[in-house]
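Note: the block below is start-v9.pdb and it holds PDB, C-alpha atoms.
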```pdb
ATOM      1  CA  MET A   1       6.495  18.232 -16.054
ATOM      2  CA  THR A   2       9.033  20.696 -14.705
ATOM      3  CA  THR A   3      11.323  18.932 -12.264
ATOM      4  CA  THR A   4      12.632  20.530  -9.103
ATOM      5  CA  ALA A   5      15.381  19.642  -6.661
ATOM      6  CA  THR A   6      12.836  17.850  -4.492
ATOM      7  CA  ASP A   7      11.361  15.605  -7.191
ATOM      8  CA  PRO A   8      12.549  12.000  -6.790
ATOM      9  CA  THR A   9      14.623  10.612  -9.618
ATOM     10  CA  LEU A  10      13.924   7.222 -11.147
ATOM     11  CA  ASN A  11      16.915   5.767  -9.305
ATOM     12  CA  GLU A  12      15.644   7.153  -5.997
ATOM     13  CA  ILE A  13      12.176   5.708  -6.561
ATOM     14  CA  LEU A  14      13.559   2.279  -7.445
ATOM     15  CA  THR A  15      15.841   2.362  -4.395
ATOM     16  CA  GLN A  16      12.894   3.198  -2.150
ATOM     17  CA  MET A  17      10.811   0.416  -3.672
ATOM     18  CA  GLY A  18      13.664  -1.994  -3.010
ATOM     19  CA  ALA A  19      14.029  -0.847   0.599
ATOM     20  CA  ALA A  20      10.272  -1.193   1.110
ATOM     21  CA  GLY A  21      10.314  -4.731  -0.264
ATOM     22  CA  ARG A  22      13.137  -5.745   2.048
ATOM     23  CA  ARG A  23      11.453  -4.278   5.108
ATOM     24  CA  LEU A  24       8.189  -6.072   4.321
ATOM     25  CA  ASP A  25      10.134  -9.301   3.892
ATOM     26  CA  HIS A  26      11.791  -8.802   7.288
ATOM     27  CA  MET A  27       8.294  -8.409   8.760
ATOM     28  CA  ALA A  28       7.253 -11.748   7.208
ATOM     29  CA  ALA A  29       4.512  -9.812   5.408
ATOM     30  CA  VAL A  30       5.286 -10.883   1.817
ATOM     31  CA  GLU A  31       5.876 -14.609   1.705
ATOM     32  CA  ALA A  32       7.429 -15.856  -1.561
ATOM     33  CA  GLY A  33       5.781 -13.942  -4.442
ATOM     34  CA  ALA A  34       3.014 -12.429  -2.305
ATOM     35  CA  GLY A  35       2.661  -8.668  -1.987
ATOM     36  CA  ASN A  36       3.188  -5.916  -4.536
ATOM     37  CA  LEU A  37       4.303  -2.304  -4.813
ATOM     38  CA  SER A  38       3.600   0.612  -7.113
ATOM     39  CA  VAL A  39       4.581   4.262  -7.381
ATOM     40  CA  TYR A  40       2.771   6.920  -9.397
ATOM     41  CA  VAL A  41       4.710  10.012 -10.410
ATOM     42  CA  ASP A  42       3.666  13.097 -12.361
ATOM     43  CA  ALA A  43       6.314  12.633 -15.018
ATOM     44  CA  GLY A  44       6.628  11.007 -18.408
ATOM     45  CA  ALA A  45       9.210   8.724 -19.968
ATOM     46  CA  GLN A  46      11.610  11.477 -21.011
ATOM     47  CA  ASP A  47      11.513  13.257 -17.669
ATOM     48  CA  LEU A  48      12.337  10.048 -15.809
ATOM     49  CA  GLY A  49      14.742   8.629 -18.376
ATOM     50  CA  LEU A  50      12.776   5.384 -18.478
ATOM     51  CA  GLU A  51      14.438   3.943 -21.573
ATOM     52  CA  ARG A  52      17.848   3.941 -19.909
ATOM     53  CA  ARG A  53      16.613   1.451 -17.263
ATOM     54  CA  PHE A  54      13.726  -0.169 -19.162
ATOM     55  CA  PRO A  55      14.682  -0.176 -22.862
ATOM     56  CA  GLN A  56      11.963  -2.502 -24.166
ATOM     57  CA  VAL A  57       8.989  -0.350 -25.218
ATOM     58  CA  ARG A  58       5.528  -1.693 -26.067
ATOM     59  CA  PRO A  59       3.096   1.008 -27.212
ATOM     60  CA  ALA A  60      -0.683   1.009 -26.802
ATOM     61  CA  THR A  61      -0.830  -1.691 -24.128
ATOM     62  CA  GLY A  62      -4.371  -1.988 -22.752
ATOM     63  CA  LEU A  63      -4.908  -1.072 -19.101
ATOM     64  CA  PRO A  64      -7.165  -3.085 -16.744
ATOM     65  CA  LEU A  65      -9.352  -0.006 -16.273
ATOM     66  CA  PRO A  66      -9.493   3.593 -17.556
ATOM     67  CA  ALA A  67      -7.161   5.999 -15.734
ATOM     68  CA  PRO A  68      -7.728   9.371 -17.422
ATOM     69  CA  ALA A  69      -6.336  11.379 -14.481
ATOM     70  CA  LEU A  70      -2.965   9.681 -15.078
ATOM     71  CA  ALA A  71      -2.641  10.637 -18.754
ATOM     72  CA  GLY A  72       0.985  11.487 -19.538
ATOM     73  CA  ARG A  73       2.115  10.198 -16.152
ATOM     74  CA  THR A  74       4.020   7.124 -15.020
ATOM     75  CA  VAL A  75       3.146   4.164 -12.803
ATOM     76  CA  LEU A  76       5.984   1.867 -11.738
ATOM     77  CA  VAL A  77       4.741  -1.515 -10.531
ATOM     78  CA  THR A  78       6.129  -4.898  -9.509
ATOM     79  CA  GLY A  79       5.581  -7.936 -11.679
ATOM     80  CA  SER A  80       3.288 -10.871 -11.018
ATOM     81  CA  GLY A  81       4.977 -13.569  -8.951
ATOM     82  CA  CYS A  82       8.060 -11.474  -8.170
ATOM     83  CA  ARG A  83       9.508 -11.665  -4.684
ATOM     84  CA  LEU A  84       9.551  -8.214  -3.102
ATOM     85  CA  ARG A  85      12.785  -9.098  -1.331
ATOM     86  CA  ASP A  86      14.424  -9.244  -4.800
ATOM     87  CA  VAL A  87      13.442  -5.716  -5.859
ATOM     88  CA  ALA A  88      16.438  -4.034  -4.205
ATOM     89  CA  ASP A  89      18.998  -6.205  -5.973
ATOM     90  CA  SER A  90      17.147  -6.608  -9.282
ATOM     91  CA  PRO A  91      14.773  -3.695  -9.955
ATOM     92  CA  GLU A  92      14.875  -4.192 -13.731
ATOM     93  CA  ALA A  93      13.863  -7.844 -13.329
ATOM     94  CA  THR A  94      10.980  -7.147 -10.943
ATOM     95  CA  ILE A  95       9.547  -3.751 -11.928
ATOM     96  CA  SER A  96       8.133  -2.228 -15.094
ATOM     97  CA  ALA A  97       6.774   1.210 -15.945
ATOM     98  CA  PHE A  98       3.529   2.262 -17.619
ATOM     99  CA  VAL A  99       3.219   5.743 -19.118
ATOM    100  CA  VAL A 100      -0.500   6.329 -19.511
ATOM    101  CA  ASP A 101      -1.610   7.551 -22.932
ATOM    102  CA  ASP A 102      -4.124  10.329 -23.641
ATOM    103  CA  GLY A 103      -7.607   9.150 -22.738
ATOM    104  CA  GLY A 104      -6.292   6.812 -20.057
ATOM    105  CA  THR A 105      -7.333   3.482 -21.604
ATOM    106  CA  THR A 106      -3.913   2.403 -22.920
ATOM    107  CA  ALA A 107      -0.312   2.928 -21.897
ATOM    108  CA  THR A 108       3.203   2.580 -23.220
ATOM    109  CA  TRP A 109       4.841  -0.282 -21.300
ATOM    110  CA  TYR A 110       8.550  -0.079 -20.452
ATOM    111  CA  THR A 111      10.339  -3.303 -19.448
ATOM    112  CA  HIS A 112      13.857  -4.728 -19.322
ATOM    113  CA  PRO A 113      15.129  -7.791 -21.226
ATOM    114  CA  ASP A 114      15.918  -9.455 -17.900
ATOM    115  CA  ARG A 115      12.378  -9.191 -16.557
ATOM    116  CA  ALA A 116      11.289 -12.168 -14.463
ATOM    117  CA  TYR A 117       7.520 -11.848 -15.014
ATOM    118  CA  GLU A 118       5.016 -12.048 -17.846
ATOM    119  CA  ARG A 119       2.648  -9.342 -16.661
ATOM    120  CA  PRO A 120       2.276  -6.818 -13.834
ATOM    121  CA  THR A 121       0.890  -7.888 -10.480
ATOM    122  CA  SER A 122      -2.609  -9.381 -10.435
ATOM    123  CA  GLU A 123      -3.585  -6.482  -8.134
ATOM    124  CA  PHE A 124      -2.636  -3.921 -10.806
ATOM    125  CA  ASN A 125      -6.287  -2.928 -11.197
ATOM    126  CA  SER A 126      -6.450  -1.791  -7.557
ATOM    127  CA  HIS A 127      -3.100   0.018  -7.733
ATOM    128  CA  LEU A 128      -4.096   1.837 -10.905
ATOM    129  CA  ALA A 129      -7.553   2.748  -9.596
ATOM    130  CA  ILE A 130      -6.146   4.135  -6.329
ATOM    131  CA  HIS A 131      -3.568   6.273  -8.152
ATOM    132  CA  ASN A 132      -6.176   7.557 -10.614
ATOM    133  CA  ASP A 133      -8.667   8.368  -7.849
ATOM    134  CA  GLN A 134      -6.150  10.211  -5.685
ATOM    135  CA  ALA A 135      -4.777  12.153  -8.680
ATOM    136  CA  GLU A 136      -8.325  13.087  -9.670
ATOM    137  CA  GLN A 137      -9.672  13.860  -6.194
ATOM    138  CA  ARG A 138      -6.629  15.495  -4.623
ATOM    139  CA  GLY A 139      -4.385  16.475  -7.501
ATOM    140  CA  LEU A 140      -1.519  14.344  -6.231
ATOM    141  CA  GLY A 141       1.720  14.320  -8.213
ATOM    142  CA  PHE A 142       3.242  11.383  -6.333
ATOM    143  CA  GLN A 143       1.908   8.362  -4.491
ATOM    144  CA  ALA A 144       3.145   4.983  -3.320
ATOM    145  CA  VAL A 145       0.819   2.005  -2.833
ATOM    146  CA  VAL A 146       1.753  -1.201  -1.007
ATOM    147  CA  HIS A 147      -0.079  -4.511  -0.724
ATOM    148  CA  ALA A 148       1.208  -6.926   1.914
ATOM    149  CA  GLN A 149       0.044  -9.766   4.149
ATOM    150  CA  PRO A 150       1.169  -8.893   7.705
ATOM    151  CA  PRO A 151       0.528 -12.101   9.676
ATOM    152  CA  HIS A 152      -0.987 -10.672  12.859
ATOM    153  CA  LEU A 153      -3.357  -8.333  11.022
ATOM    154  CA  VAL A 154      -4.470 -11.176   8.773
ATOM    155  CA  GLN A 155      -4.924 -13.470  11.763
ATOM    156  CA  LEU A 156      -7.134 -10.943  13.550
ATOM    157  CA  SER A 157      -9.228 -10.448  10.420
ATOM    158  CA  HIS A 158     -10.233 -14.117  10.593
ATOM    159  CA  ILE A 159     -12.014 -13.509  13.918
ATOM    160  CA  LYS A 160     -15.622 -12.703  13.072
ATOM    161  CA  ASP A 161     -16.458 -10.916  16.349
ATOM    162  CA  ILE A 162     -13.835  -8.218  15.813
ATOM    163  CA  ARG A 163     -14.066  -7.954  12.024
ATOM    164  CA  SER A 164     -15.583  -4.483  11.936
ATOM    165  CA  THR A 165     -13.809  -1.176  11.448
ATOM    166  CA  ARG A 166     -14.718   0.131  14.902
ATOM    167  CA  GLU A 167     -13.832  -2.988  16.907
ATOM    168  CA  PHE A 168     -10.739  -3.812  14.880
ATOM    169  CA  ASN A 169      -9.297  -0.341  15.437
ATOM    170  CA  ARG A 170     -10.090  -0.472  19.139
ATOM    171  CA  ARG A 171      -8.099  -3.698  19.386
ATOM    172  CA  ILE A 172      -4.997  -2.508  17.532
ATOM    173  CA  LEU A 173      -4.836   1.053  18.891
ATOM    174  CA  ARG A 174      -4.827   0.105  22.565
ATOM    175  CA  TRP A 175      -1.263  -1.191  22.883
ATOM    176  CA  GLU A 176       1.050   1.635  21.848
ATOM    177  CA  PRO A 177       0.177   5.321  22.493
ATOM    178  CA  GLU A 178       1.934   6.421  19.290
ATOM    179  CA  THR A 179      -0.225   4.277  17.005
ATOM    180  CA  ILE A 180      -3.151   6.702  17.007
ATOM    181  CA  VAL A 181      -0.708   9.591  16.510
ATOM    182  CA  GLN A 182       0.815   7.955  13.441
ATOM    183  CA  VAL A 183      -2.416   6.482  12.018
ATOM    184  CA  PRO A 184      -5.130   8.844  13.341
ATOM    185  CA  ALA A 185      -7.886   7.578  11.032
ATOM    186  CA  GLY A 186      -7.052   3.959  11.778
ATOM    187  CA  ALA A 187      -7.731   1.248   9.227
ATOM    188  CA  GLU A 188     -10.948   0.504   7.392
ATOM    189  CA  VAL A 189     -11.827  -3.180   7.484
ATOM    190  CA  LEU A 190     -13.423  -4.830   4.454
ATOM    191  CA  ASP A 191     -15.106  -8.220   4.467
ATOM    192  CA  PHE A 192     -13.488 -10.939   2.397
ATOM    193  CA  MET A 193     -13.598 -10.227  -1.330
ATOM    194  CA  VAL A 194     -11.979 -12.205  -4.131
ATOM    195  CA  PRO A 195      -8.400 -11.003  -4.760
ATOM    196  CA  GLY A 196      -8.063  -8.965  -7.934
ATOM    197  CA  SER A 197     -11.838  -8.565  -8.299
ATOM    198  CA  GLN A 198     -13.782  -5.495  -9.359
ATOM    199  CA  GLU A 199     -15.598  -5.553  -6.022
ATOM    200  CA  LEU A 200     -12.374  -5.472  -4.041
ATOM    201  CA  MET A 201     -10.911  -2.721  -6.206
ATOM    202  CA  GLU A 202     -13.977  -0.461  -5.905
ATOM    203  CA  ASN A 203     -14.229  -0.850  -2.141
ATOM    204  CA  THR A 204     -10.505  -0.253  -1.691
ATOM    205  CA  VAL A 205     -10.588   2.972  -3.702
ATOM    206  CA  ARG A 206     -13.495   4.220  -1.589
ATOM    207  CA  ALA A 207     -11.853   3.213   1.712
ATOM    208  CA  LEU A 208      -8.556   4.901   0.904
ATOM    209  CA  ARG A 209     -10.213   8.266   0.439
ATOM    210  CA  ASP A 210     -10.633   8.540   4.222
ATOM    211  CA  HIS A 211      -7.855   6.205   5.391
ATOM    212  CA  VAL A 212      -4.280   5.444   4.412
ATOM    213  CA  ILE A 213      -4.664   1.736   5.172
ATOM    214  CA  VAL A 214      -7.413  -0.762   4.454
ATOM    215  CA  VAL A 215      -7.592  -4.339   5.745
ATOM    216  CA  TRP A 216      -8.604  -6.978   3.233
ATOM    217  CA  SER A 217     -10.086  -9.558   5.596
ATOM    218  CA  LYS A 218      -8.481 -13.004   5.444
ATOM    219  CA  HIS A 219      -5.961 -11.680   2.915
ATOM    220  CA  GLY A 220      -3.854  -8.631   3.755
ATOM    221  CA  VAL A 221      -3.707  -4.839   3.630
ATOM    222  CA  MET A 222      -3.490  -2.058   1.065
ATOM    223  CA  VAL A 223      -1.670   1.119   2.112
ATOM    224  CA  ARG A 224      -0.956   4.393   0.385
ATOM    225  CA  SER A 225       1.471   7.243   1.054
ATOM    226  CA  ASP A 226       1.897  10.686  -0.477
ATOM    227  CA  THR A 227       5.565  10.589   0.545
ATOM    228  CA  SER A 228       7.354   7.342  -0.307
ATOM    229  CA  PRO A 229       7.102   3.548  -0.405
ATOM    230  CA  LEU A 230       8.942   3.372   2.927
ATOM    231  CA  ALA A 231       6.428   5.724   4.514
ATOM    232  CA  ALA A 232       3.651   3.379   3.404
ATOM    233  CA  VAL A 233       5.543   0.477   4.974
ATOM    234  CA  ASP A 234       5.885   2.508   8.193
ATOM    235  CA  THR A 235       2.086   2.583   8.380
ATOM    236  CA  VAL A 236       1.959  -1.182   7.907
ATOM    237  CA  GLU A 237       4.510  -1.568  10.688
ATOM    238  CA  TYR A 238       2.603   0.597  13.174
ATOM    239  CA  VAL A 239      -0.687  -1.207  12.601
ATOM    240  CA  GLU A 240       0.888  -4.668  12.460
ATOM    241  CA  THR A 241       2.622  -4.007  15.790
ATOM    242  CA  GLY A 242      -0.733  -3.219  17.386
ATOM    243  CA  ALA A 243      -2.151  -6.415  15.934
ATOM    244  CA  MET A 244       0.827  -8.403  17.229
ATOM    245  CA  TYR A 245       0.223  -7.191  20.789
ATOM    246  CA  GLU A 246      -3.472  -7.978  20.474
ATOM    247  CA  VAL A 247      -2.772 -11.527  19.305
ATOM    248  CA  ARG A 248      -0.248 -12.023  22.122
ATOM    249  CA  ASN A 249      -2.744 -10.731  24.655
ATOM    250  CA  MET A 250      -5.439 -13.078  23.399
ATOM    251  CA  THR A 251      -3.114 -16.078  23.608
ATOM    252  CA  SER A 252      -2.144 -15.149  27.185
ATOM    253  CA  GLY A 253      -5.766 -15.105  28.338
ATOM    254  CA  ASN A 254      -6.457 -11.384  27.794
ATOM    255  CA  LEU A 255      -4.458 -10.396  30.844
ATOM    256  CA  GLY A 256      -3.305  -7.048  29.451
ATOM    257  CA  GLU A 257      -5.254  -3.903  30.240
ATOM    258  CA  GLY A 258      -4.016  -1.952  27.252
ATOM    259  CA  VAL A 259      -4.199   1.823  26.873
ATOM    260  CA  THR A 260      -7.676   2.837  28.023
ATOM    261  CA  ASP A 261      -9.948   5.144  26.058
ATOM    262  CA  THR A 262      -9.352   7.839  28.690
ATOM    263  CA  GLU A 263      -5.599   7.476  28.255
ATOM    264  CA  LEU A 264      -5.922   7.543  24.468
ATOM    265  CA  ARG A 265      -7.954  10.754  24.676
ATOM    266  CA  ALA A 266      -5.175  12.282  26.749
ATOM    267  CA  VAL A 267      -2.643  11.316  24.057
ATOM    268  CA  VAL A 268      -4.838  12.735  21.297
ATOM    269  CA  GLU A 269      -5.257  16.001  23.192
ATOM    270  CA  ALA A 270      -1.550  16.284  24.019
ATOM    271  CA  PHE A 271      -0.469  15.751  20.406
ATOM    272  CA  GLY A 272      -3.303  17.684  18.757
ATOM    273  CA  VAL A 273      -4.442  14.634  16.795
ATOM    274  CA  ARG A 274      -7.657  14.848  14.794
ATOM    275  CA  THR A 275      -9.266  11.410  14.809
ATOM    276  CA  PRO A 276     -12.778  10.038  14.264
ATOM    277  CA  LEU A 277     -12.006   7.037  16.474
ATOM    278  CA  LEU A 278     -12.605   8.585  19.912
TER     279      LEU A 278
END
```

Target encoding structure tokens, full file:
Amino acid sequence: MTTTATDPTLNEILTQMGAAGRRLDHMAAVEAGAGNLSVYVDAGAQDLGLERRFPQVRPATGLPLPAPALAGRTVLVTGSGCRLRDVADSPEATISAFVVDDGGTTATWYTHPDRAYERPTSEFNSHLAIHNDQAEQRGLGFQAVVHAQPPHLVQLSHIKDIRSTREFNRRILRWEPETIVQVPAGAEVLDFMVPGSQELMENTVRALRDHVIVVWSKHGVMVRSDTSPLAAVDTVEYVETGAMYEVRNMTSGNLGEGVTDTELRAVVEAFGVRTPLL
């Protein structure tokens, strides 16, 4: 990898991951050890200076699934059971780095002696699969992935009558005109699937090809960003705000009119938004 002035340094990435964890905590979207973060970057250990921050090196560590598109590249990921609110103050204790080996089935694992986990997050298979798919399909050199449990989105996903991609998006997009501008493809809604399962991973990878956020019904969301961890959290915040208004409206007897489809079309036209939702 040849670095440029715009490539994020390891310190910058860790700082962003910490800021993302704090913001999710402020949103009550990552209770205790729930939620996880990862960042994929098109750089190896030497380029990033991994050993200065994560001096313990374990070669040939098996990966939960093959990731050949990530060969020679790095995935930073939070540890299982770590509180995301602790990442900012203790990145070495909560994050580790995997540099994927040739062939994509093993990786060199970089950790710190102060690590507060035994293994990476239980959702590592989904994180790794999303990064590999986006690198393979789109040639991405950087991506952030966030899993969180925003309470209003999760609450809505428990309601069977609105648990479809079309109806769910209609409910969350009708409260703030900017939501469709910021998240023009909306969210894809998946039925409940066992956390950490192959089924959930495969469906999430597919969903995130056309969306930047997917709702795991009765569980949480998975979000990706080509820009930064904080940008991924921004998406969570926009969609969670729509869900909050929808929940409030339901508890008040559905008195709110919301932004009508006609009004949303006017917003889409005014801002030149391309969306499949209208």

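For range 205-219 of chain A, the non-local neighbours within 8 Å, defined as residues at least 6 positions apart in the same chain or in other chains and counting all atoms listed in the file, are A:Ser126, A:Ala129, A:Ile130, A:Asp133, A:Gln134, A:Gln149, A:Leu153, A:Val154, A:Gln155, A:Ser157, A:His158, A:Arg163, A:Val183, A:Ala185, A:Gly186, A:Ala187, A:Glu188, A:Val189, A:Leu190, A:Asp191, A:Phe192, A:Met193, A:Ser225, A:Thr235, A:Val236.
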
Limited to C-alpha atoms, could you put the picked residues into a file as a CSV table (one decimal), keeping the file's coordinate frame?
```csv
chain,number,residue,atom,x,y,z
A,126,SER,CA,-6.4,-1.8,-7.6
A,129,ALA,CA,-7.6,2.7,-9.6
A,130,ILE,CA,-6.1,4.1,-6.3
A,133,ASP,CA,-8.7,8.4,-7.8
A,134,GLN,CA,-6.2,10.2,-5.7
A,149,GLN,CA,0.0,-9.8,4.1
A,153,LEU,CA,-3.4,-8.3,11.0
A,154,VAL,CA,-4.5,-11.2,8.8
A,155,GLN,CA,-4.9,-13.5,11.8
A,157,SER,CA,-9.2,-10.4,10.4
A,158,HIS,CA,-10.2,-14.1,10.6
A,163,ARG,CA,-14.1,-8.0,12.0
A,183,VAL,CA,-2.4,6.5,12.0
A,185,ALA,CA,-7.9,7.6,11.0
A,186,GLY,CA,-7.1,4.0,11.8
A,187,ALA,CA,-7.7,1.2,9.2
A,188,GLU,CA,-10.9,0.5,7.4
A,189,VAL,CA,-11.8,-3.2,7.5
A,190,LEU,CA,-13.4,-4.8,4.5
A,191,ASP,CA,-15.1,-8.2,4.5
A,192,PHE,CA,-13.5,-10.9,2.4
A,193,MET,CA,-13.6,-10.2,-1.3
A,225,SER,CA,1.5,7.2,1.1
A,235,THR,CA,2.1,2.6,8.4
A,236,VAL,CA,2.0,-1.2,7.9
```

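Excluding Ala60 in chain A itself and same-chain residues fewer than 3 positions from it, the residues having an atom within 9 Å of it are Asp101, Thr105, Thr106, Ala107, Thr108 and Trp109 of chain A, counting only C-alpha atoms.
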
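The space separating CA of Gly72 in chain A from CA of Glu136 in chain A comes to 13.7 Å.
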
Each side padded by 3 Å, which centre and which edge lengths in Å (one decimal) define the axis-aligned box around the listed atoms of range 54-69 of chain A? Give them as JSON.
```
{"center_x": 2.6, "center_y": 4.1, "center_z": -20.8, "size_x": 30.2, "size_y": 20.5, "size_z": 18.7}
```

| Hey, what comes out of the PyMOL selection byres ((chain A and resi 240) around 8) on this file? Could you write it as a PyMOL selection string? | chain A and resi 150-153+236-239+241-244

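CA of Gln16 in chain A is positioned 7.2 Å from CA of Ser228 in chain A.
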
| Applied to this file, what does the PyMOL selection byres ((chain A and resi 49) around 12) return in terms of residues, put as a PyMOL selection string? | chain A and resi 9-11+43-48+50-55+74+97+99+110

| said: Starting from the PyMOL selection byres ((chain A and resi 245) around 10), expand the selection into actual residues of this file and give them as a list in words. | reply: His152, Arg171, Ile172, Leu173, Arg174, Trp175, Glu176, Glu240, Thr241, Gly242, Ala243, Met244, Glu246, Val247, Arg248, Asn249, Met250, Thr251, Gly256 and Gly258 of chain A

Residues from the last selection, C-alpha atoms, saved as a PDB file, keeping the file's coordinate frame:
```
ATOM      1  CA  HIS A 152      -0.987 -10.672  12.859  1.00  0.00           C
ATOM      2  CA  ARG A 171      -8.099  -3.698  19.386  1.00  0.00           C
ATOM      3  CA  ILE A 172      -4.997  -2.508  17.532  1.00  0.00           C
ATOM      4  CA  LEU A 173      -4.836   1.053  18.891  1.00  0.00           C
ATOM      5  CA  ARG A 174      -4.827   0.105  22.565  1.00  0.00           C
ATOM      6  CA  TRP A 175      -1.263  -1.191  22.883  1.00  0.00           C
ATOM      7  CA  GLU A 176       1.050   1.635  21.848  1.00  0.00           C
ATOM      8  CA  GLU A 240       0.888  -4.668  12.460  1.00  0.00           C
ATOM      9  CA  THR A 241       2.622  -4.007  15.790  1.00  0.00           C
ATOM     10  CA  GLY A 242      -0.733  -3.219  17.386  1.00  0.00           C
ATOM     11  CA  ALA A 243      -2.151  -6.415  15.934  1.00  0.00           C
ATOM     12  CA  MET A 244       0.827  -8.403  17.229  1.00  0.00           C
ATOM     13  CA  GLU A 246      -3.472  -7.978  20.474  1.00  0.00           C
ATOM     14  CA  VAL A 247      -2.772 -11.527  19.305  1.00  0.00           C
ATOM     15  CA  ARG A 248      -0.248 -12.023  22.122  1.00  0.00           C
ATOM     16  CA  ASN A 249      -2.744 -10.731  24.655  1.00  0.00           C
ATOM     17  CA  MET A 250      -5.439 -13.078  23.399  1.00  0.00           C
ATOM     18  CA  THR A 251      -3.114 -16.078  23.608  1.00  0.00           C
ATOM     19  CA  GLY A 256      -3.305  -7.048  29.451  1.00  0.00           C
ATOM     20  CA  GLY A 258      -4.016  -1.952  27.252  1.00  0.00           C
TER      21      GLY A 258
END
```

| field | Atom pair CA of His26 in chain A / CA of Gly253 in chain A: separation (Å) | value | 28.1 Å

| message | Please determine, counting only C-alpha atoms, which residue among A:Lys160, A:Arg224, A:Arg22, A:Arg170 has the shortest atom-to-atom distance to Arg85 in chain A. | response | A:Arg22

| Test item: residues at most 8 Å from Ala88 in chain A, all atoms listed in the file, excluding those fewer than 4 positions along its chain, as a PyMOL selection string | chain A and resi 14-15+17-19+21-22

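With distances restricted to only C-alpha atoms, A:Gly220 is the closest residue to Val146 in chain A from A:Gly33, A:Gly220, A:Pro8, A:Pro68.
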
Kindly reconstruct range 130-141 of chain A with N, CA, C and O atoms and present the result as a PDB file, in the frame of the given file.
```
ATOM      1  N   ILE A 130      -6.481   3.274  -7.468  1.00  0.00           N
ATOM      2  CA  ILE A 130      -6.146   4.135  -6.329  1.00  0.00           C
ATOM      3  C   ILE A 130      -5.363   5.348  -6.807  1.00  0.00           C
ATOM      4  O   ILE A 130      -5.654   6.489  -6.421  1.00  0.00           O
ATOM      5  N   HIS A 131      -4.361   5.143  -7.644  1.00  0.00           N
ATOM      6  CA  HIS A 131      -3.568   6.273  -8.152  1.00  0.00           C
ATOM      7  C   HIS A 131      -4.448   7.237  -8.938  1.00  0.00           C
ATOM      8  O   HIS A 131      -4.364   8.462  -8.764  1.00  0.00           O
ATOM      9  N   ASN A 132      -5.311   6.700  -9.805  1.00  0.00           N
ATOM     10  CA  ASN A 132      -6.176   7.557 -10.614  1.00  0.00           C
ATOM     11  C   ASN A 132      -7.134   8.359  -9.729  1.00  0.00           C
ATOM     12  O   ASN A 132      -7.333   9.560  -9.934  1.00  0.00           O
ATOM     13  N   ASP A 133      -7.709   7.692  -8.731  1.00  0.00           N
ATOM     14  CA  ASP A 133      -8.667   8.368  -7.849  1.00  0.00           C
ATOM     15  C   ASP A 133      -8.004   9.471  -7.049  1.00  0.00           C
ATOM     16  O   ASP A 133      -8.547  10.583  -6.932  1.00  0.00           O
ATOM     17  N   GLN A 134      -6.837   9.203  -6.491  1.00  0.00           N
ATOM     18  CA  GLN A 134      -6.150  10.211  -5.685  1.00  0.00           C
ATOM     19  C   GLN A 134      -5.645  11.376  -6.542  1.00  0.00           C
ATOM     20  O   GLN A 134      -5.680  12.532  -6.118  1.00  0.00           O
ATOM     21  N   ALA A 135      -5.190  11.082  -7.772  1.00  0.00           N
ATOM     22  CA  ALA A 135      -4.777  12.153  -8.680  1.00  0.00           C
ATOM     23  C   ALA A 135      -5.971  13.016  -9.068  1.00  0.00           C
ATOM     24  O   ALA A 135      -5.874  14.247  -9.141  1.00  0.00           O
ATOM     25  N   GLU A 136      -7.112  12.365  -9.278  1.00  0.00           N
ATOM     26  CA  GLU A 136      -8.325  13.087  -9.670  1.00  0.00           C
ATOM     27  C   GLU A 136      -8.916  13.870  -8.510  1.00  0.00           C
ATOM     28  O   GLU A 136      -9.287  15.047  -8.655  1.00  0.00           O
ATOM     29  N   GLN A 137      -9.007  13.243  -7.340  1.00  0.00           N
ATOM     30  CA  GLN A 137      -9.672  13.860  -6.194  1.00  0.00           C
ATOM     31  C   GLN A 137      -8.810  14.905  -5.487  1.00  0.00           C
ATOM     32  O   GLN A 137      -9.318  15.923  -5.016  1.00  0.00           O
ATOM     33  N   ARG A 138      -7.496  14.651  -5.430  1.00  0.00           N
ATOM     34  CA  ARG A 138      -6.629  15.495  -4.623  1.00  0.00           C
ATOM     35  C   ARG A 138      -5.516  16.167  -5.419  1.00  0.00           C
ATOM     36  O   ARG A 138      -4.734  16.942  -4.850  1.00  0.00           O
ATOM     37  N   GLY A 139      -5.420  15.859  -6.683  1.00  0.00           N
ATOM     38  CA  GLY A 139      -4.385  16.475  -7.501  1.00  0.00           C
ATOM     39  C   GLY A 139      -2.978  16.034  -7.148  1.00  0.00           C
ATOM     40  O   GLY A 139      -2.010  16.790  -7.341  1.00  0.00           O
ATOM     41  N   LEU A 140      -2.828  14.825  -6.631  1.00  0.00           N
ATOM     42  CA  LEU A 140      -1.519  14.344  -6.231  1.00  0.00           C
ATOM     43  C   LEU A 140      -0.577  14.210  -7.422  1.00  0.00           C
ATOM     44  O   LEU A 140      -0.982  13.807  -8.501  1.00  0.00           O
ATOM     45  N   GLY A 141       0.699  14.519  -7.200  1.00  0.00           N
ATOM     46  CA  GLY A 141       1.720  14.320  -8.213  1.00  0.00           C
ATOM     47  C   GLY A 141       2.631  13.159  -7.903  1.00  0.00           C
ATOM     48  O   GLY A 141       3.503  12.818  -8.718  1.00  0.00           O
TER      49      GLY A 141
END
```
